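Some notes on the structure that comes next.
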Amino acid sequence: FGDFTATPPLDTAEADIDGEFFLEGGETGIDVRRNPEARDIRFTLARFGLEVTGAGPMDLDIDIGDASSQSTSSADMAAAVTIEGLSGAIGFLSGDIPRHTLELSLSEMTWDQNIIAPHDGGSILFDMALSDFDLTYDVLISLSDLERAPAEALAAGQYARASASIADFAYSFAADTPEGAMTAETSSRDSETEIRLDRTGFRYAGTAGETDARIGMPEQSGLPFSDVGYSIARTTAELAFPVVPSDEPQDFSLNLALIGLATEDAVWNLFDPDARLLRDPADLEIEIEGSTILTADLTADGPQPLSSTQARLNKLRLTIAGVELTGDGSATETGSGGEFQGEAQLNLTLTGAHTLLDTLVDLGLLPDEQAMGARMML
């Protein structure tokens with residue numbers, strides 16, 4: 001929607017900044033164990049944080065659509081970061097291939113920051129909060145091996161694995177300028193992410209529960225609405241594929257889900273002011289799985305290193321504006337030589353399309369001739 005920057009001028013004198021660090025709680029401790037081959041650091045910090053205040057000159061540059069603003073003025077700044085219930089462990093094991101591990105948990109974290117330019121009336125406000133955050137990683141990798149021959153390194157047992165989860169996350173941003181206010185806020189629940197790279201292949205899995213977002217723009221931005229929000233009930237993204245060549249078939253998969261995508265009437269009213277279309281939340285689900293023979297490193301130059309590929313579309317479902325598209329199918333490779341040649345079958349079922357076409361014609365969004373051609377293909 002736009003660009004926003006706030007930077008101290010290059011020729012300015014040093015800003016006046018004052019800060020305070022605090023550490024509280026009886027369950028605070030750091031245990032460091034080290035020898036020439038290994039390092040193990042375990043820590044527990046009940047509550048700590050940093051508070052900073054200051055004042056100094058600030059350049060504000062804002063470009064939003066057709067509106068822009070540039071100003072330089074004295075700015076008051078303040079920031080506060082607080083972390084509660086932090087604990088974890090950091091590990092290192094030396095050797096021909098070093099191993100790094102991390103376990104990190106915190107119960108709550110808040111970050112509040114503001115920059116106020118009193119003479120110009122401009123300000124920037126930022127707030128972020130999260131709870132029940134967990135992060136782990138386990139990395140046994142030689143970067144030089146990974147750059148030189150990644151498939152060989154992974155086949156020899158090198159790996160990288162990481163996971164993260166957040167129970168609740170929220171942030172908000174607001175910038176007040178002479179041209180108007182720009183705001184953004186979002187929140188999400190029950191987010192989880194997993195990434196794995198090893199001899200079994202690459203895998204990414206991410207899920208998020210209920211997500212809400214809202215964006216506000218100045219009237220001068222030229223957008224058809226100045227405030228709009230959307231929500232998603234559930235989001236899922238999973239991807240897995242082989243990375244180490246083998247003479248045997250290896251599995252791959254792709255799963256995507258966007259459930260309960262809903263936006264406000266301000267968006268629908270742009271093309272459907274009389275609410276003729278059904279405005280139920282939209283869903284999208286795609287599930288694909290299959291197998292293939294990986295004949296060479298994916299990063300190597302040359303023809304496509306896949307053969308004997310078989311893929312199945314187990315699920316396709318899209319619902320929006322009263323229309324539902326469902327389907328399944330399969331594809332089997334029968335050729336060779338680096339280019340896919342094979343047989344495929346796709347089964348699709350579309351319901352509610354005739355009603356949607358009639359409504360689009362009534363709204364003037366679709367010419368009757370094009371609607372007639374679409375009906376003949378249904």
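Each chain in the structure tokens gets a letter, A, B and so on, in the order shown; residues start at 1 in every chain, and ligands are counted from 1 in the order they appear.
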Could you give me, as JSON lines, a per-residue list for stretch 91-202 of chain A showing, wherever an atom lies at most 7 Å from an atom of stretch 38-57 of chain A, the closest pair of atoms and their distance in Å to one decimal, using only C-alpha atoms and sorting by chain then residue number from low to high?
```
{"residue": "A:Gly91", "atom": "CA", "partner": "A:Asp40", "partner_atom": "CA", "distance": 4.6}
{"residue": "A:Phe92", "atom": "CA", "partner": "A:Arg39", "partner_atom": "CA", "distance": 5.0}
{"residue": "A:Leu93", "atom": "CA", "partner": "A:Ala38", "partner_atom": "CA", "distance": 4.4}
{"residue": "A:Ser94", "atom": "CA", "partner": "A:Ala38", "partner_atom": "CA", "distance": 6.1}
```
Can you write out the residues you just picked, keeping N, CA, C and O atoms, as a PDB file, in the first residue's frame?
```pdb
ATOM      1  N   GLY A  91      23.575 -25.318  22.809  1.00  0.00           N
ATOM      2  CA  GLY A  91      24.593 -26.343  22.795  1.00  0.00           C
ATOM      3  C   GLY A  91      25.475 -26.282  21.563  1.00  0.00           C
ATOM      4  O   GLY A  91      25.033 -25.841  20.494  1.00  0.00           O
ATOM      5  N   PHE A  92      26.715 -26.690  21.727  1.00  0.00           N
ATOM      6  CA  PHE A  92      27.660 -26.756  20.605  1.00  0.00           C
ATOM      7  C   PHE A  92      28.580 -27.938  20.824  1.00  0.00           C
ATOM      8  O   PHE A  92      29.098 -28.150  21.923  1.00  0.00           O
ATOM      9  N   LEU A  93      28.776 -28.733  19.775  1.00  0.00           N
ATOM     10  CA  LEU A  93      29.676 -29.878  19.812  1.00  0.00           C
ATOM     11  C   LEU A  93      30.607 -29.783  18.622  1.00  0.00           C
ATOM     12  O   LEU A  93      30.160 -29.778  17.473  1.00  0.00           O
ATOM     13  N   SER A  94      31.903 -29.676  18.889  1.00  0.00           N
ATOM     14  CA  SER A  94      32.873 -29.521  17.806  1.00  0.00           C
ATOM     15  C   SER A  94      33.141 -30.857  17.131  1.00  0.00           C
ATOM     16  O   SER A  94      32.729 -31.918  17.600  1.00  0.00           O
TER      17      SER A  94
END
```
Legend entry - strand (DSSP E) residues, from DSSP on the backbone, in stretch 122-368 of chain A, as a ChimeraX atom specification: /A:122-140,159-177,180-198,201-208,211-216,227-232,234-241,250-263,282-294,306-320,323-333,342-351
Legend entry - Residue set, stretch 131-229 of chain A restricted to helix (DSSP H, G or I), as an MDAnalysis selection string: chainID A and resid 143:148 150:155 219:221
Same residues, N, CA, C and O atoms, saved as a CSV table (one decimal), in the first residue's frame:
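out.csv written:
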```csv
chain,number,residue,atom,x,y,z
A,143,LEU,N,28.9,-26.0,6.2
A,143,LEU,CA,28.5,-25.1,5.1
A,143,LEU,C,29.3,-25.3,3.8
A,143,LEU,O,28.8,-25.2,2.7
A,144,SER,N,30.6,-25.6,4.0
A,144,SER,CA,31.4,-25.8,2.7
A,144,SER,C,30.9,-27.0,2.0
A,144,SER,O,30.8,-27.1,0.8
A,145,ASP,N,30.6,-28.1,2.7
A,145,ASP,CA,30.1,-29.3,2.1
A,145,ASP,C,28.7,-29.0,1.4
A,145,ASP,O,28.4,-29.5,0.3
A,146,LEU,N,27.9,-28.3,2.1
A,146,LEU,CA,26.6,-28.0,1.6
A,146,LEU,C,26.6,-27.1,0.3
A,146,LEU,O,25.8,-27.3,-0.6
A,147,GLU,N,27.6,-26.2,0.2
A,147,GLU,CA,27.8,-25.4,-1.0
A,147,GLU,C,28.4,-26.2,-2.1
A,147,GLU,O,28.0,-26.0,-3.3
A,148,ARG,N,29.3,-27.1,-1.8
A,148,ARG,CA,30.0,-27.9,-2.8
A,148,ARG,C,29.1,-29.0,-3.4
A,148,ARG,O,29.0,-29.1,-4.6
A,150,PRO,N,25.5,-30.5,-2.0
A,150,PRO,CA,24.5,-30.6,-1.0
A,150,PRO,C,23.9,-32.0,-0.9
A,150,PRO,O,23.7,-32.5,0.2
A,151,ALA,N,23.7,-32.7,-2.0
A,151,ALA,CA,23.1,-34.0,-1.9
A,151,ALA,C,24.0,-35.0,-1.2
A,151,ALA,O,23.6,-35.8,-0.4
A,152,GLU,N,25.3,-34.9,-1.5
A,152,GLU,CA,26.3,-35.8,-0.9
A,152,GLU,C,26.4,-35.5,0.6
A,152,GLU,O,26.5,-36.5,1.4
A,153,ALA,N,26.3,-34.2,1.0
A,153,ALA,CA,26.4,-33.9,2.4
A,153,ALA,C,25.2,-34.5,3.2
A,153,ALA,O,25.3,-35.0,4.3
A,154,LEU,N,24.0,-34.3,2.6
A,154,LEU,CA,22.8,-34.8,3.3
A,154,LEU,C,22.8,-36.3,3.3
A,154,LEU,O,22.4,-37.0,4.3
A,155,ALA,N,23.2,-37.0,2.2
A,155,ALA,CA,23.3,-38.5,2.2
A,155,ALA,C,24.2,-39.0,3.2
A,155,ALA,O,24.1,-40.1,3.7
A,219,GLU,N,-7.1,9.3,3.3
A,219,GLU,CA,-8.0,9.5,2.2
A,219,GLU,C,-7.3,9.9,0.9
A,219,GLU,O,-7.8,9.6,-0.2
A,220,GLN,N,-6.1,10.5,1.0
A,220,GLN,CA,-5.4,10.9,-0.2
A,220,GLN,C,-4.7,9.8,-0.9
A,220,GLN,O,-4.0,10.0,-1.9
A,221,SER,N,-4.8,8.6,-0.4
A,221,SER,CA,-4.0,7.5,-1.0
A,221,SER,C,-4.5,7.1,-2.3
A,221,SER,O,-3.9,6.4,-3.1
```
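Reported to one decimal place, the separation of atom CA of A:Leu239 from atom CA of A:Thr292 is 14.8 Å.
The shell of residues at most 9 Å from A:Ile215, with only C-alpha atoms counted and near chain neighbours (fewer than 4 positions) removed, consists of A:Met182, A:Thr183, A:Ala184, A:Glu185, A:Thr186, A:Ser226, A:Asp227, A:Val228, A:Gly229.
Using only C-alpha atoms, the protein and nucleic acid residues lying no more than 7 Å from A:Glu192, apart from those fewer than 4 places from it along its own chain, are Ala164, Ser165, Ile166, Gly206, Thr207 and Ala208 of chain A.
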Legend entry - Close residues, A:Leu258 itself excluded, 8 Å, only C-alpha atoms, min 5 positions apart in chain, as number ranges by chain: A: 232-236, 283-285
Excluding A:Ala321 and its own-chain neighbours fewer than 6 positions away, which residues fall within 8 Å of it when counting only C-alpha atoms? Please give them as a JSON list (two decimals) with N, CA, C and O atoms, in the first residue's frame.
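Final output, saved to out-v9.json:
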```
[["chain", "number", "residue", "atom", "x", "y", "z"],
["A", 277, "LEU", "N", -24.56, -11.03, -4.41],
["A", 277, "LEU", "CA", -23.72, -12.22, -4.32],
["A", 277, "LEU", "C", -23.68, -12.74, -2.88],
["A", 277, "LEU", "O", -23.74, -11.96, -1.92],
["A", 278, "LEU", "N", -23.56, -14.04, -2.74],
["A", 278, "LEU", "CA", -23.38, -14.62, -1.42],
["A", 278, "LEU", "C", -22.00, -14.23, -0.88],
["A", 278, "LEU", "O", -21.00, -14.36, -1.58],
["A", 279, "ARG", "N", -21.98, -13.77, 0.37],
["A", 279, "ARG", "CA", -20.74, -13.27, 0.94],
["A", 279, "ARG", "C", -20.22, -14.19, 2.04],
["A", 279, "ARG", "O", -19.55, -13.75, 2.98],
["A", 280, "ASP", "N", -20.52, -15.47, 1.92],
["A", 280, "ASP", "CA", -20.01, -16.43, 2.89],
["A", 280, "ASP", "C", -18.49, -16.52, 2.78],
["A", 280, "ASP", "O", -17.91, -16.28, 1.72],
["A", 282, "ALA", "N", -14.79, -17.77, 2.12],
["A", 282, "ALA", "CA", -14.28, -18.64, 1.05],
["A", 282, "ALA", "C", -13.34, -19.69, 1.63],
["A", 282, "ALA", "O", -12.67, -19.47, 2.65],
["A", 356, "LEU", "N", -24.42, -17.90, -10.33],
["A", 356, "LEU", "CA", -23.39, -16.86, -10.28],
["A", 356, "LEU", "C", -23.32, -16.10, -11.60],
["A", 356, "LEU", "O", -23.22, -14.86, -11.62]]
```
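If you count only C-alpha atoms and ignore residues fewer than 6 places along the chain from A:Ala160, what sits within 10 Å of it is Arg99, His100, Thr101, Tyr137, Asp138, Val139, Leu140, Ile141, Leu154, Ile195, Arg196, Leu197, Asp198 and Phe202 of chain A.
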